[in-house]
$ cat work_5.tsv   # TSV, C-alpha atoms
chain	number	residue	atom	x	y	z
A	1	MET	CA	0.00	0.00	0.00
A	2	ILE	CA	1.47	3.34	-1.08
A	3	CYS	CA	-0.02	6.49	0.43
A	4	ASN	CA	0.76	10.17	0.09
A	5	TYR	CA	-0.33	12.51	2.87
A	6	LYS	CA	-0.55	15.42	0.39
A	7	SER	CA	-3.81	13.98	-0.90
A	8	PHE	CA	-5.45	14.60	2.47
A	9	TYR	CA	-6.48	17.86	4.11
A	10	PRO	CA	-6.32	18.18	7.90
A	11	ILE	CA	-9.32	19.57	9.73
A	12	ILE	CA	-8.39	22.89	11.38
A	13	LYS	CA	-10.65	24.44	13.98
A	14	PHE	CA	-11.72	28.02	13.31
A	15	ARG	CA	-10.16	30.39	15.83
A	16	MET	CA	-11.56	33.83	16.58
A	17	GLU	CA	-8.50	35.03	18.51
A	18	LYS	CA	-5.84	36.95	16.66
A	19	ARG	CA	-2.41	35.42	16.18
A	20	SER	CA	-0.69	38.28	18.01
A	21	SER	CA	-3.03	37.91	21.00
A	22	ILE	CA	-2.25	34.19	21.33
A	23	ILE	CA	1.50	34.73	21.23
A	24	ASN	CA	1.48	37.83	23.47
A	25	ARG	CA	-0.63	36.06	26.09
A	26	TYR	CA	1.88	33.20	26.25
A	27	ILE	CA	4.84	35.57	26.47
A	28	LYS	CA	3.16	37.55	29.27
A	29	LYS	CA	2.42	34.34	31.18
A	30	GLN	CA	6.09	33.28	31.11
A	31	ARG	CA	7.21	36.45	32.90
A	32	PHE	CA	10.53	36.57	31.11
A	33	SER	CA	13.36	38.22	32.99
A	34	THR	CA	14.17	41.75	31.86
A	35	SER	CA	17.52	41.91	33.68
A	36	LYS	CA	19.40	40.83	30.55
A	37	LYS	CA	18.46	42.13	27.13
A	38	PRO	CA	18.10	39.28	24.61
A	39	ILE	CA	20.32	39.04	21.56
A	40	PRO	CA	18.41	40.66	18.65
A	41	LEU	CA	16.82	38.28	16.15
A	42	PRO	CA	17.51	39.40	12.54
A	43	GLU	CA	14.42	39.89	10.37
A	44	LYS	CA	15.67	37.45	7.73
A	45	ILE	CA	15.86	34.50	10.14
A	46	ASN	CA	12.57	32.58	10.12
A	47	ILE	CA	13.61	29.26	11.64
A	48	SER	CA	15.38	28.40	14.89
A	49	VAL	CA	16.90	24.98	15.66
A	50	ILE	CA	16.99	24.19	19.40
A	51	ILE	CA	19.36	21.50	20.67
A	52	PRO	CA	19.52	20.47	24.36
A	53	ALA	CA	22.87	19.06	25.42
A	54	TYR	CA	24.22	17.16	28.40
A	55	ASN	CA	27.86	16.02	28.10
A	56	GLU	CA	27.81	15.96	24.29
A	57	GLU	CA	31.41	17.03	23.56
A	58	PHE	CA	31.92	14.07	21.20
A	59	PHE	CA	28.66	14.15	19.21
A	60	LEU	CA	27.58	17.81	19.10
A	61	PRO	CA	30.49	18.91	16.85
A	62	LEU	CA	29.32	16.39	14.22
A	63	LEU	CA	25.84	17.93	14.27
A	64	ILE	CA	27.15	21.50	14.16
A	65	ASN	CA	29.30	20.67	11.13
A	66	SER	CA	26.48	18.84	9.34
A	67	ILE	CA	24.10	21.77	9.84
A	68	ASN	CA	26.72	23.93	8.14
A	69	LEU	CA	25.89	22.05	4.91
A	70	GLN	CA	22.18	22.94	4.86
A	71	THR	CA	20.84	24.13	1.51
A	72	TYR	CA	18.67	26.79	3.22
A	73	LYS	CA	20.65	29.52	4.97
A	74	ASN	CA	18.29	31.88	6.87
A	75	PHE	CA	18.24	30.04	10.18
A	76	GLU	CA	19.90	30.03	13.57
A	77	VAL	CA	20.93	27.29	15.99
A	78	ILE	CA	20.48	27.50	19.76
A	79	VAL	CA	22.38	25.01	21.92
A	80	VAL	CA	21.09	24.79	25.50
A	81	ASP	CA	23.61	23.24	27.88
A	82	ASN	CA	21.95	21.34	30.73
A	83	ASN	CA	24.65	21.17	33.43
A	84	SER	CA	27.32	19.42	31.37
A	85	ASN	CA	30.47	18.53	33.29
A	86	ASP	CA	32.63	17.90	30.23
A	87	ASN	CA	33.87	20.33	27.55
A	88	THR	CA	30.53	20.75	25.75
A	89	LEU	CA	30.25	24.51	26.36
A	90	LYS	CA	33.85	25.28	25.47
A	91	ILE	CA	33.76	23.24	22.28
A	92	VAL	CA	30.43	24.66	21.07
A	93	ARG	CA	31.49	28.26	21.66
A	94	GLY	CA	34.66	27.56	19.69
A	95	TYR	CA	32.60	26.87	16.57
A	96	ARG	CA	31.08	30.34	16.27
A	97	ASP	CA	33.78	31.58	13.87
A	98	LYS	CA	33.91	28.35	11.87
A	99	ILE	CA	30.32	28.10	10.61
A	100	ASN	CA	28.09	30.02	8.18
A	101	TYR	CA	25.06	30.40	10.47
A	102	SER	CA	24.22	32.11	13.76
A	103	LEU	CA	24.99	29.96	16.83
A	104	LEU	CA	23.57	31.01	20.21
A	105	VAL	CA	24.62	29.18	23.39
A	106	LEU	CA	22.38	29.21	26.48
A	107	GLU	CA	22.58	27.48	29.86
A	108	GLU	CA	19.70	25.88	31.78
A	109	LYS	CA	20.41	24.83	35.37
A	110	ASN	CA	17.11	23.02	36.00
A	111	PRO	CA	17.83	19.42	34.92
A	112	GLY	CA	15.69	17.62	32.40
A	113	PRO	CA	15.32	17.77	28.60
A	114	GLY	CA	11.96	19.55	28.86
A	115	ASN	CA	13.53	22.39	30.82
A	116	ALA	CA	16.42	22.66	28.35
A	117	ARG	CA	14.15	22.68	25.31
A	118	LYS	CA	11.83	25.24	26.93
A	119	LYS	CA	14.75	27.56	27.64
A	120	GLY	CA	15.70	27.65	23.98
A	121	MET	CA	12.20	27.74	22.50
A	122	ASP	CA	10.97	30.47	24.83
A	123	GLU	CA	14.11	32.51	24.17
A	124	VAL	CA	13.10	32.65	20.50
A	125	LEU	CA	9.61	33.97	21.33
A	126	LYS	CA	11.10	36.51	23.70
A	127	ARG	CA	13.43	37.81	20.98
A	128	ILE	CA	10.65	37.90	18.39
A	129	SER	CA	8.46	39.96	20.75
A	130	GLU	CA	11.33	42.39	21.34
A	131	ARG	CA	11.46	42.86	17.58
A	132	ASN	CA	7.72	43.55	17.17
A	133	SER	CA	4.88	42.51	19.48
A	134	LEU	CA	2.12	43.62	17.08
A	135	ASP	CA	3.07	41.62	14.01
A	136	TYR	CA	4.43	38.08	14.24
A	137	PRO	CA	5.53	36.64	10.89
A	138	LYS	CA	5.68	32.87	10.52
A	139	HIS	CA	8.58	31.44	12.52
A	140	ILE	CA	9.46	27.77	12.95
A	141	LEU	CA	10.93	26.16	16.07
A	142	VAL	CA	12.80	22.96	15.21
A	143	ILE	CA	13.97	20.63	17.96
A	144	ALA	CA	16.67	17.99	17.61
A	145	ASP	CA	18.84	15.79	19.80
A	146	ALA	CA	22.57	16.45	19.99
A	147	ASP	CA	23.56	13.12	18.45
A	148	ILE	CA	21.60	13.27	15.19
A	149	ILE	CA	22.81	14.03	11.67
A	150	PRO	CA	20.21	15.67	9.37
A	151	PRO	CA	20.14	15.47	5.57
A	152	ASN	CA	21.42	18.58	3.80
A	153	ASN	CA	17.89	19.59	2.75
A	154	TRP	CA	16.42	19.09	6.24
A	155	ILE	CA	15.54	22.73	6.96
A	156	GLU	CA	14.48	23.36	3.37
A	157	ASN	CA	12.06	20.42	3.59
A	158	ILE	CA	10.64	21.63	6.90
A	159	LEU	CA	9.91	25.07	5.46
A	160	SER	CA	8.37	23.47	2.38
A	161	ASN	CA	6.09	21.35	4.60
A	162	PHE	CA	4.89	24.51	6.36
A	163	LYS	CA	3.98	26.36	3.15
A	164	SER	CA	0.45	24.97	3.22
A	165	LEU	CA	0.03	25.60	6.98
A	166	SER	CA	-0.57	28.95	8.61
A	167	SER	CA	0.51	27.25	11.84
A	168	GLY	CA	0.80	23.77	13.31
A	169	ALA	CA	3.52	21.18	13.80
A	170	LEU	CA	5.54	18.54	11.96
A	171	ALA	CA	6.46	15.13	13.36
A	172	GLY	CA	9.68	13.71	11.96
A	173	THR	CA	11.40	10.36	12.32
A	174	HIS	CA	14.92	9.22	13.10
A	175	GLY	CA	16.74	6.12	11.92
A	176	ALA	CA	20.20	4.59	11.76
A	177	SER	CA	22.92	5.24	9.23
A	178	LYS	CA	22.80	3.01	6.16
A	179	LYS	CA	26.26	1.76	7.08
A	180	ILE	CA	25.11	0.43	10.46
A	181	ASP	CA	22.08	-1.34	8.99
A	182	LYS	CA	24.21	-2.80	6.17
A	183	ILE	CA	26.68	-4.31	8.67
A	184	ILE	CA	23.79	-5.90	10.58
A	185	GLU	CA	22.30	-7.26	7.35
A	186	ASP	CA	25.64	-8.75	6.29
A	187	GLN	CA	26.20	-10.39	9.70
A	188	LEU	CA	22.67	-11.46	10.68
A	189	GLY	CA	20.71	-11.43	7.44
A	190	ILE	CA	18.19	-8.93	8.85
A	191	LYS	CA	17.50	-6.12	6.37
A	192	ASP	CA	16.92	-2.52	7.54
A	193	TYR	CA	17.23	-3.56	11.19
A	194	PHE	CA	16.96	-0.11	12.79
A	195	ASN	CA	15.36	1.74	9.87
A	196	LYS	CA	12.36	-0.59	9.70
A	197	ILE	CA	10.83	1.29	12.66
A	198	PRO	CA	10.89	4.84	11.16
A	199	GLU	CA	9.77	3.34	7.84
A	200	THR	CA	6.74	1.86	9.64
A	201	ILE	CA	5.94	5.16	11.39
A	202	GLU	CA	6.18	7.07	8.10
A	203	SER	CA	3.98	4.55	6.26
A	204	LEU	CA	1.29	4.70	8.95
A	205	ALA	CA	1.34	8.52	8.95
A	206	ASN	CA	1.22	8.82	5.16
A	207	CYS	CA	-1.76	6.44	5.04
A	208	GLN	CA	-3.47	8.32	7.90
A	209	ILE	CA	-3.50	5.23	10.08
A	210	GLY	CA	-3.23	5.91	13.79
A	211	LYS	CA	-1.98	8.98	15.61
A	212	ILE	CA	0.95	11.08	14.44
A	213	LYS	CA	3.27	11.10	17.45
A	214	MET	CA	5.95	13.73	17.97
A	215	SER	CA	9.42	13.02	19.34
A	216	GLY	CA	12.44	14.96	20.55
A	217	PRO	CA	15.06	14.03	17.94
A	218	ASN	CA	13.19	15.56	15.00
A	219	SER	CA	10.09	17.77	15.31
A	220	ALA	CA	9.03	21.29	14.30
A	221	PHE	CA	6.49	23.82	15.60
A	222	GLU	CA	5.19	27.12	14.29
A	223	ILE	CA	5.23	29.69	17.11
A	224	GLU	CA	1.47	30.35	17.16
A	225	ALA	CA	0.65	26.67	17.70
A	226	TYR	CA	3.45	26.44	20.27
A	227	ALA	CA	2.07	29.42	22.21
A	228	ALA	CA	-1.56	28.28	21.96
A	229	ALA	CA	-0.54	24.93	23.48
A	230	ASP	CA	1.14	26.71	26.41
A	231	GLY	CA	4.63	25.81	25.22
A	232	ILE	CA	6.78	22.85	26.09
A	233	GLN	CA	6.83	21.72	29.71
A	234	GLN	CA	9.06	19.41	31.71
A	235	PRO	CA	6.63	16.74	33.00
A	236	TYR	CA	6.59	15.61	36.64
A	237	ASP	CA	4.81	12.74	38.36
A	238	HIS	CA	2.57	13.03	41.45
A	239	GLU	CA	5.65	12.88	43.69
A	240	ASN	CA	7.28	15.77	41.80
A	241	ASN	CA	9.87	13.53	40.14
A	242	ARG	CA	10.92	14.45	36.63
A	243	ILE	CA	9.58	12.23	33.86
A	244	GLY	CA	11.63	11.80	30.70
A	245	LEU	CA	10.67	11.21	27.05
A	246	LYS	CA	7.18	12.76	27.40
A	247	GLU	CA	7.62	16.51	27.04
A	248	VAL	CA	7.46	16.50	23.23
A	249	PRO	CA	4.54	14.03	22.77
A	250	GLN	CA	2.58	15.94	25.43
A	251	LEU	CA	3.20	19.23	23.61
A	252	GLY	CA	1.95	17.58	20.42
A	253	ASP	CA	-1.23	16.46	22.19
A	254	ARG	CA	-1.90	20.00	23.43
A	255	ILE	CA	-1.29	21.45	19.97
A	256	ARG	CA	-3.79	19.00	18.51
A	257	LYS	CA	-6.29	19.79	21.27
A	258	ALA	CA	-5.91	23.52	20.57
A	259	GLY	CA	-7.07	22.87	17.01
A	260	TYR	CA	-3.81	22.95	15.07
A	261	PRO	CA	-2.78	20.23	12.61
A	262	ILE	CA	0.19	17.92	13.05
A	263	LEU	CA	1.54	16.53	9.78
A	264	PRO	CA	4.31	14.03	9.01
A	265	MET	CA	7.65	15.65	8.22
A	266	LYS	CA	9.19	14.72	4.89
A	267	ALA	CA	12.71	14.44	6.31
A	268	ARG	CA	14.27	11.66	8.39
A	269	VAL	CA	17.42	12.31	10.41
A	270	THR	CA	20.15	9.82	11.26
A	271	ALA	CA	20.45	9.12	14.97
A	272	ASN	CA	23.36	7.50	16.78
A	273	LYS	CA	22.28	4.04	17.96
A	274	ARG	CA	24.69	3.70	20.88
A	275	ARG	CA	21.86	3.53	23.43
A	276	GLN	CA	19.96	0.84	21.53
A	277	LEU	CA	23.14	-1.20	21.09
A	278	MET	CA	23.87	-0.93	24.81
A	279	GLU	CA	20.33	-2.13	25.52
A	280	LEU	CA	20.96	-5.16	23.34
A	281	ILE	CA	24.25	-5.87	25.10
A	282	GLN	CA	23.12	-5.24	28.68
A	283	GLU	CA	19.38	-6.01	28.33
A	284	GLU	CA	18.60	-2.77	30.17
A	285	ASN	CA	16.74	0.39	29.15
A	286	MET	CA	19.52	2.92	28.60
A	287	TYR	CA	17.19	5.93	28.72
A	288	PHE	CA	16.30	5.02	32.30
A	289	PRO	CA	19.11	2.75	33.58
A	290	SER	CA	19.02	1.60	37.17
A	291	GLY	CA	19.97	4.25	39.71
A	292	HIS	CA	19.56	7.31	37.46
A	293	ASP	CA	16.93	10.05	37.44
A	294	ASP	CA	15.44	11.95	34.51
A	295	LYS	CA	18.86	13.17	33.38
A	296	SER	CA	19.34	9.64	32.04
A	297	ARG	CA	17.53	11.06	29.01
A	298	PHE	CA	21.02	12.39	28.29
A	299	PHE	CA	22.70	9.30	29.79
A	300	SER	CA	26.37	9.37	28.80
A	301	ILE	CA	27.42	6.48	26.59
A	302	ARG	CA	30.71	7.47	25.00
A	303	GLU	CA	31.66	4.25	23.23
A	304	ASN	CA	32.03	4.48	19.47
A	305	GLU	CA	28.88	3.34	17.66
A	306	GLU	CA	30.71	0.94	15.35
A	307	LYS	CA	32.72	-0.56	18.22
A	308	LEU	CA	29.50	-1.12	20.16
A	309	LEU	CA	27.95	-2.73	17.09
A	310	LYS	CA	30.94	-5.03	16.69
A	311	LYS	CA	30.66	-6.05	20.34
A	312	ALA	CA	26.89	-6.60	20.09
A	313	LEU	CA	27.26	-8.75	16.98
A	314	LYS	CA	29.84	-10.84	18.79
A	315	ILE	CA	28.00	-11.53	22.07
A	316	VAL	CA	24.27	-10.97	21.44
A	317	PRO	CA	22.46	-14.02	19.98
A	318	LYS	CA	20.39	-13.47	16.83
A	319	GLU	CA	17.20	-14.38	18.70
A	320	ARG	CA	17.66	-11.36	20.98
A	321	TRP	CA	18.18	-9.08	17.98
A	322	ILE	CA	14.92	-10.31	16.48
A	323	ASP	CA	13.07	-10.01	19.79
A	324	TYR	CA	14.37	-6.45	20.31
A	325	GLN	CA	13.12	-5.37	16.87
A	326	LYS	CA	9.71	-6.95	17.53
A	327	LYS	CA	9.44	-5.15	20.87
A	328	SER	CA	10.31	-1.86	19.14
A	329	LEU	CA	7.58	-2.43	16.55
A	330	LYS	CA	5.04	-3.30	19.25
A	331	LEU	CA	5.93	-0.07	21.05
A	332	VAL	CA	5.11	1.84	17.85
A	333	ILE	CA	1.80	-0.03	17.54
A	334	SER	CA	1.01	0.75	21.17
A	335	ASN	CA	1.83	4.48	20.90
A	336	VAL	CA	0.42	5.13	17.43
A	337	ILE	CA	-2.62	2.82	17.24
A	338	LEU	CA	-3.76	0.97	20.37
A	339	ASN	CA	-3.43	3.62	23.10
A	340	PRO	CA	-4.89	6.40	20.91
A	341	LEU	CA	-7.73	4.06	19.90
A	342	LEU	CA	-8.67	3.26	23.49
A	343	ASN	CA	-8.52	6.95	24.40
A	344	SER	CA	-10.72	8.04	21.46
A	345	GLN	CA	-7.88	9.95	19.79
A	346	ILE	CA	-8.31	8.13	16.48
A	347	GLU	CA	-11.30	6.72	14.60
A	348	ILE	CA	-11.54	2.94	14.54
A	349	ASP	CA	-12.73	2.99	10.92
A	350	SER	CA	-9.34	4.36	9.82
A	351	LEU	CA	-7.91	0.91	10.58
A	352	ARG	CA	-9.90	-0.67	7.73
A	353	LYS	CA	-6.94	0.07	5.49
A	354	ILE	CA	-4.89	-2.69	7.11
A	355	LEU	CA	-7.36	-4.94	8.99
A	356	SER	CA	-9.71	-7.48	7.42
A	357	LYS	CA	-13.47	-7.22	7.86
A	358	THR	CA	-13.39	-10.07	10.40
A	359	GLU	CA	-10.61	-8.39	12.39
A	360	MET	CA	-12.45	-5.06	12.34
A	361	ASN	CA	-15.65	-6.64	13.69
A	362	LYS	CA	-13.71	-8.43	16.42
A	363	LEU	CA	-11.89	-5.24	17.44
A	364	LYS	CA	-15.12	-3.21	17.58
A	365	LYS	CA	-16.74	-5.88	19.72
A	366	GLU	CA	-13.83	-6.04	22.17
A	367	ILE	CA	-13.76	-2.27	22.61
A	368	LYS	CA	-17.53	-2.10	23.04
A	369	ILE	CA	-17.59	-4.69	25.86
A	370	ARG	CA	-14.64	-3.25	27.79
A	371	PRO	CA	-15.77	-2.15	31.28
A	372	LYS	CA	-16.31	1.56	31.77
A	373	GLY	CA	-13.17	3.24	33.04
A	374	SER	CA	-10.86	0.55	31.64
A	375	MET	CA	-9.81	2.45	28.55
A	376	HIS	CA	-6.13	1.80	29.15
A	377	LEU	CA	-3.82	-0.61	27.39
A	378	THR	CA	-3.56	-3.94	29.22
A	379	ASN	CA	-0.82	-6.48	28.56
A	380	GLU	CA	-3.44	-8.94	27.34
A	381	PHE	CA	-4.92	-6.46	24.85
A	382	LEU	CA	-1.43	-5.43	23.66
A	383	GLN	CA	-0.31	-9.02	23.24
A	384	SER	CA	-3.41	-10.00	21.28
A	385	TRP	CA	-3.80	-6.99	19.02
A	386	GLY	CA	-0.10	-6.16	18.88
A	387	GLU	CA	0.48	-9.42	17.01
A	388	THR	CA	-2.48	-8.76	14.71
A	389	PHE	CA	-1.34	-5.27	13.77
A	390	GLU	CA	2.29	-6.37	13.42
A	391	GLN	CA	1.28	-8.97	10.83
A	392	ALA	CA	-1.04	-6.52	9.05
A	393	ILE	CA	1.64	-3.83	8.90
A	394	ARG	CA	4.29	-6.24	7.59
A	395	LYS	CA	1.87	-7.54	4.96
A	396	LYS	CA	0.38	-4.28	3.70
A	397	LEU	CA	2.77	-1.43	4.56
A	398	ILE	CA	6.41	-2.55	4.79

$ encode --input "work_5.tsv" --output "structure tokens"
Amino acid sequence: MICNYKSFYPIIKFRMEKRSSIINRYIKKQRFSTSKKPIPLPEKINISVIIPAYNEEFFLPLLINSINLQTYKNFEVIVVDNNSNDNTLKIVRGYRDKINYSLLVLEEKNPGPGNARKKGMDEVLKRISERNSLDYPKHILVIADADIIPPNNWIENILSNFKSLSSGALAGTHGASKKIDKIIEDQLGIKDYFNKIPETIESLANCQIGKIKMSGPNSAFEIEAYAAADGIQQPYDHENNRIGLKEVPQLGDRIRKAGYPILPMKARVTANKRRQLMELIQEENMYFPSGHDDKSRFFSIRENEEKLLKKALKIVPKERWIDYQKKSLKLVISNVILNPLLNSQIEIDSLRKILSKTEMNKLKKEIKIRPKGSMHLTNEFLQSWGETFEQAIRKKLI
């Protein structure tokens, strides 16, 4: 099944409030400090790339250099250091005279990726308001992780995607380098090992199946939608502990609730797979390893990606590689289809594109008879329907 999202038109709620009022209300609510005047934002710059960093002295220079090759030039990059104890700040500042774009370096002392992203994104709105608080031209906030490498037309593609939108957001994907996947294919006979997941996400989004979910490594927001959704926020649990990996999806949910569209981004970035390889080797979640708090979102794994891959191929049995990929696919199914379905965030009829008539009738019946108040994803429901959707996706989409 080949789909193209361009053939569809998102439903956008009609808003009476003026764009300037939405943005000014958000800026006023943030109570920005006036003790230090912000660095002026040139009129020609219409896109800001925000990168949070925690001990990224090895990987951030690769990203900074790759951004230097972008085909579009009227952008800036904001690196927000989040209490690094290595040479991240020194190295980043040393690049200012070596690149062809504006590089702003900020510091955020409150730990957590949500706090770091918010520092950079809000700084952009503050600078735009200093320029003119009555007229806000379209401006895009792009967020990325410090260990990704974008294609050279990344920013150009993002701007092209926004041409048909007055405001809204774009959800991008991130995969592995072709070299890494080729090594795995040669050694294990598994094709597109890491890139099968973003391929699945893109196929589902282009066919309008499930919910378009935003993520930190590659997403973009127009400032009106960002402000209307009350900006990005570092999430906390009921005991006031920081929660990682949720600040971007939650912002996406609020943008959607505010009536703005979220579309799939037509640009995939390459992400370093050191964390996933360590998970394969140690059988432990490297975003939240034992004994670490939310800063494990930036958990320091400094081993070379190819060396880690070589080690994993040597000691990890093929069965575990296969099981890890299946678990990753089931996580996508859970986040994009099953959880949104149970929480009425997607229409069940949209699943007709990949499910048979018998499967559709069975699914409708199971949802209808679920006890009131049990609209959450149980292990039993995930196991049963996860397998069904996995087979359907493999058969019809990938």

$ residues_around --input "work_5.tsv" --residues "Ile262 in chain A" --least-positions-apart "2" --cutoff "10 Å" --atoms "all atoms listed in the file" --output "ChimeraX atom specification"
/A:10,165,167-171,211-214,220-221,225,252-253,255-256,259-260,264-265

$ closest_atom_pairs --input "work_5.tsv" --of "range 53-82 of chain A" --to "range 115-126 of chain A" --cutoff "10 Å" --atoms "only C-alpha atoms" --output "CSV"
residue,atom,partner,partner_atom,distance
A:Ala53,CA,A:Ala116,CA,7.9
A:Tyr54,CA,A:Ala116,CA,9.5
A:Val77,CA,A:Gly120,CA,9.6
A:Ile78,CA,A:Gly120,CA,6.4
A:Val79,CA,A:Gly120,CA,7.5
A:Val80,CA,A:Ala116,CA,5.9
A:Asp81,CA,A:Ala116,CA,7.2
A:Asn82,CA,A:Ala116,CA,6.2

$ closest_residue --input "work_5.tsv" --among "A:Ser66, A:Asn206, A:Ser84, A:Asn46" --to "Ile128 in chain A" --atoms "all atoms listed in the file"
A:Asn46

$ residues_around --input "work_5.tsv" --residues "Ile354 in chain A" --least-positions-apart "4" --cutoff "7 Å" --atoms "all atoms listed in the file" --output "VMD selection string"
chain A and resid 392 to 393 396

$ closest_atom_pairs --input "work_5.tsv" --of "range 141-216 of chain A" --to "range 328-342 of chain A" --cutoff "12 Å" --atoms "only C-alpha atoms" --output "Markdown table"
| residue | atom | partner | partner_atom | distance |
| --- | --- | --- | --- | --- |
| A:Thr173 | CA | A:Val332 | CA | 11.9 |
| A:Tyr193 | CA | A:Ser328 | CA | 10.7 |
| A:Phe194 | CA | A:Ser328 | CA | 9.4 |
| A:Asn195 | CA | A:Leu329 | CA | 11.1 |
| A:Lys196 | CA | A:Leu329 | CA | 8.6 |
| A:Ile197 | CA | A:Leu329 | CA | 6.3 |
| A:Pro198 | CA | A:Val332 | CA | 9.3 |
| A:Glu199 | CA | A:Leu329 | CA | 10.7 |
| A:Thr200 | CA | A:Leu329 | CA | 8.2 |
| A:Ile201 | CA | A:Val332 | CA | 7.3 |
| A:Glu202 | CA | A:Val332 | CA | 11.1 |
| A:Ser203 | CA | A:Val336 | CA | 11.7 |
| A:Leu204 | CA | A:Val336 | CA | 8.5 |
| A:Ala205 | CA | A:Val336 | CA | 9.2 |
| A:Gln208 | CA | A:Val336 | CA | 10.8 |
| A:Ile209 | CA | A:Ile337 | CA | 7.6 |
| A:Gly210 | CA | A:Ile337 | CA | 4.7 |
| A:Lys211 | CA | A:Val336 | CA | 4.9 |
| A:Ile212 | CA | A:Val336 | CA | 6.7 |
| A:Lys213 | CA | A:Val336 | CA | 6.6 |
| A:Met214 | CA | A:Val336 | CA | 10.2 |
| A:Ser215 | CA | A:Asn335 | CA | 11.5 |

$ write_last_selection --input "work_5.tsv" --atoms "C-alpha atoms" --output "CSV table (one decimal), keeping the file's coordinate frame"
chain,number,residue,atom,x,y,z
A,173,THR,CA,11.4,10.4,12.3
A,193,TYR,CA,17.2,-3.6,11.2
A,194,PHE,CA,17.0,-0.1,12.8
A,195,ASN,CA,15.4,1.7,9.9
A,196,LYS,CA,12.4,-0.6,9.7
A,197,ILE,CA,10.8,1.3,12.7
A,198,PRO,CA,10.9,4.8,11.2
A,199,GLU,CA,9.8,3.3,7.8
A,200,THR,CA,6.7,1.9,9.6
A,201,ILE,CA,5.9,5.2,11.4
A,202,GLU,CA,6.2,7.1,8.1
A,203,SER,CA,4.0,4.6,6.3
A,204,LEU,CA,1.3,4.7,9.0
A,205,ALA,CA,1.3,8.5,9.0
A,208,GLN,CA,-3.5,8.3,7.9
A,209,ILE,CA,-3.5,5.2,10.1
A,210,GLY,CA,-3.2,5.9,13.8
A,211,LYS,CA,-2.0,9.0,15.6
A,212,ILE,CA,1.0,11.1,14.4
A,213,LYS,CA,3.3,11.1,17.4
A,214,MET,CA,6.0,13.7,18.0
A,215,SER,CA,9.4,13.0,19.3

$ closest_residue --input "work_5.tsv" --among "A:Tyr226, A:Trp385, A:Trp321, A:Phe162" --to "Leu263 in chain A" --atoms "only C-alpha atoms"
A:Phe162

$ residues_around --input "work_5.tsv" --residues "Arg19 in chain A" --least-positions-apart "2" --cutoff "12 Å" --atoms "only C-alpha atoms" --output "list of chain:residue names"
A:Arg15, A:Met16, A:Glu17, A:Ser21, A:Ile22, A:Ile23, A:Asn24, A:Arg25, A:Tyr26, A:Ser133, A:Leu134, A:Asp135, A:Tyr136, A:Pro137, A:Lys138, A:Ser166, A:Ser167, A:Glu222, A:Ile223, A:Glu224, A:Ala225, A:Tyr226, A:Ala227, A:Ala228

$ atom_distance --input "work_5.tsv" --atom1 "CA of Glu56 in chain A" --atom2 "CA of Ala146 in chain A"
6.8 Å

$ closest_residue --input "work_5.tsv" --among "A:Pro52, A:Pro317, A:Pro42, A:Pro261" --to "Ser164 in chain A" --atoms "all atoms listed in the file"
A:Pro261

$ atom_distance --input "work_5.tsv" --atom1 "CA of Ile64 in chain A" --atom2 "CA of Ala312 in chain A"
28.7 Å

$ closest_residue --input "work_5.tsv" --among "A:Ile190, A:Ala144, A:Leu89, A:Ile398" --to "Ile67 in chain A" --atoms "all atoms listed in the file"
A:Ala144

$ atom_distance --input "work_5.tsv" --atom1 "CA of Lys29 in chain A" --atom2 "CA of Asp230 in chain A"
9.1 Å

$ closest_residue --input "work_5.tsv" --among "A:Asn83, A:Asn68, A:Gln325, A:Asn161" --to "Ile99 in chain A" --atoms "only C-alpha atoms"
A:Asn68

$ closest_residue --input "work_5.tsv" --among "A:Arg275, A:Met360, A:Asp145, A:Lys182" --to "Val49 in chain A" --atoms "all atoms listed in the file"
A:Asp145

$ residues_around --input "work_5.tsv" --residues "Thr71 in chain A" --least-positions-apart "6" --cutoff "12 Å" --atoms "only C-alpha atoms" --output "VMD selection string"
chain A and resid 100 to 101 150 to 159

$ write_last_selection --input "work_5.tsv" --atoms "C-alpha atoms" --output "PDB file, keeping the file's coordinate frame"
ATOM      1  CA  ASN A 100      28.090  30.020   8.180  1.00  0.00           C
ATOM      2  CA  TYR A 101      25.060  30.400  10.470  1.00  0.00           C
ATOM      3  CA  PRO A 150      20.210  15.670   9.370  1.00  0.00           C
ATOM      4  CA  PRO A 151      20.140  15.470   5.570  1.00  0.00           C
ATOM      5  CA  ASN A 152      21.420  18.580   3.800  1.00  0.00           C
ATOM      6  CA  ASN A 153      17.890  19.590   2.750  1.00  0.00           C
ATOM      7  CA  TRP A 154      16.420  19.090   6.240  1.00  0.00           C
ATOM      8  CA  ILE A 155      15.540  22.730   6.960  1.00  0.00           C
ATOM      9  CA  GLU A 156      14.480  23.360   3.370  1.00  0.00           C
ATOM     10  CA  ASN A 157      12.060  20.420   3.590  1.00  0.00           C
ATOM     11  CA  ILE A 158      10.640  21.630   6.900  1.00  0.00           C
ATOM     12  CA  LEU A 159       9.910  25.070   5.460  1.00  0.00           C
TER      13      LEU A 159
END

$ residues_around --input "work_5.tsv" --residues "Glu303 in chain A" --least-positions-apart "4" --cutoff "8 Å" --atoms "only C-alpha atoms" --output "mmCIF file with C-alpha atoms, keeping the file's coordinate frame"
data_model
loop_
_atom_site.group_PDB
_atom_site.id
_atom_site.type_symbol
_atom_site.label_atom_id
_atom_site.label_comp_id
_atom_site.auth_asym_id
_atom_site.auth_seq_id
_atom_site.Cartn_x
_atom_site.Cartn_y
_atom_site.Cartn_z
ATOM 1 C CA ARG A 274 24.690 3.700 20.880
ATOM 2 C CA LYS A 307 32.720 -0.560 18.220
ATOM 3 C CA LEU A 308 29.500 -1.120 20.160
#
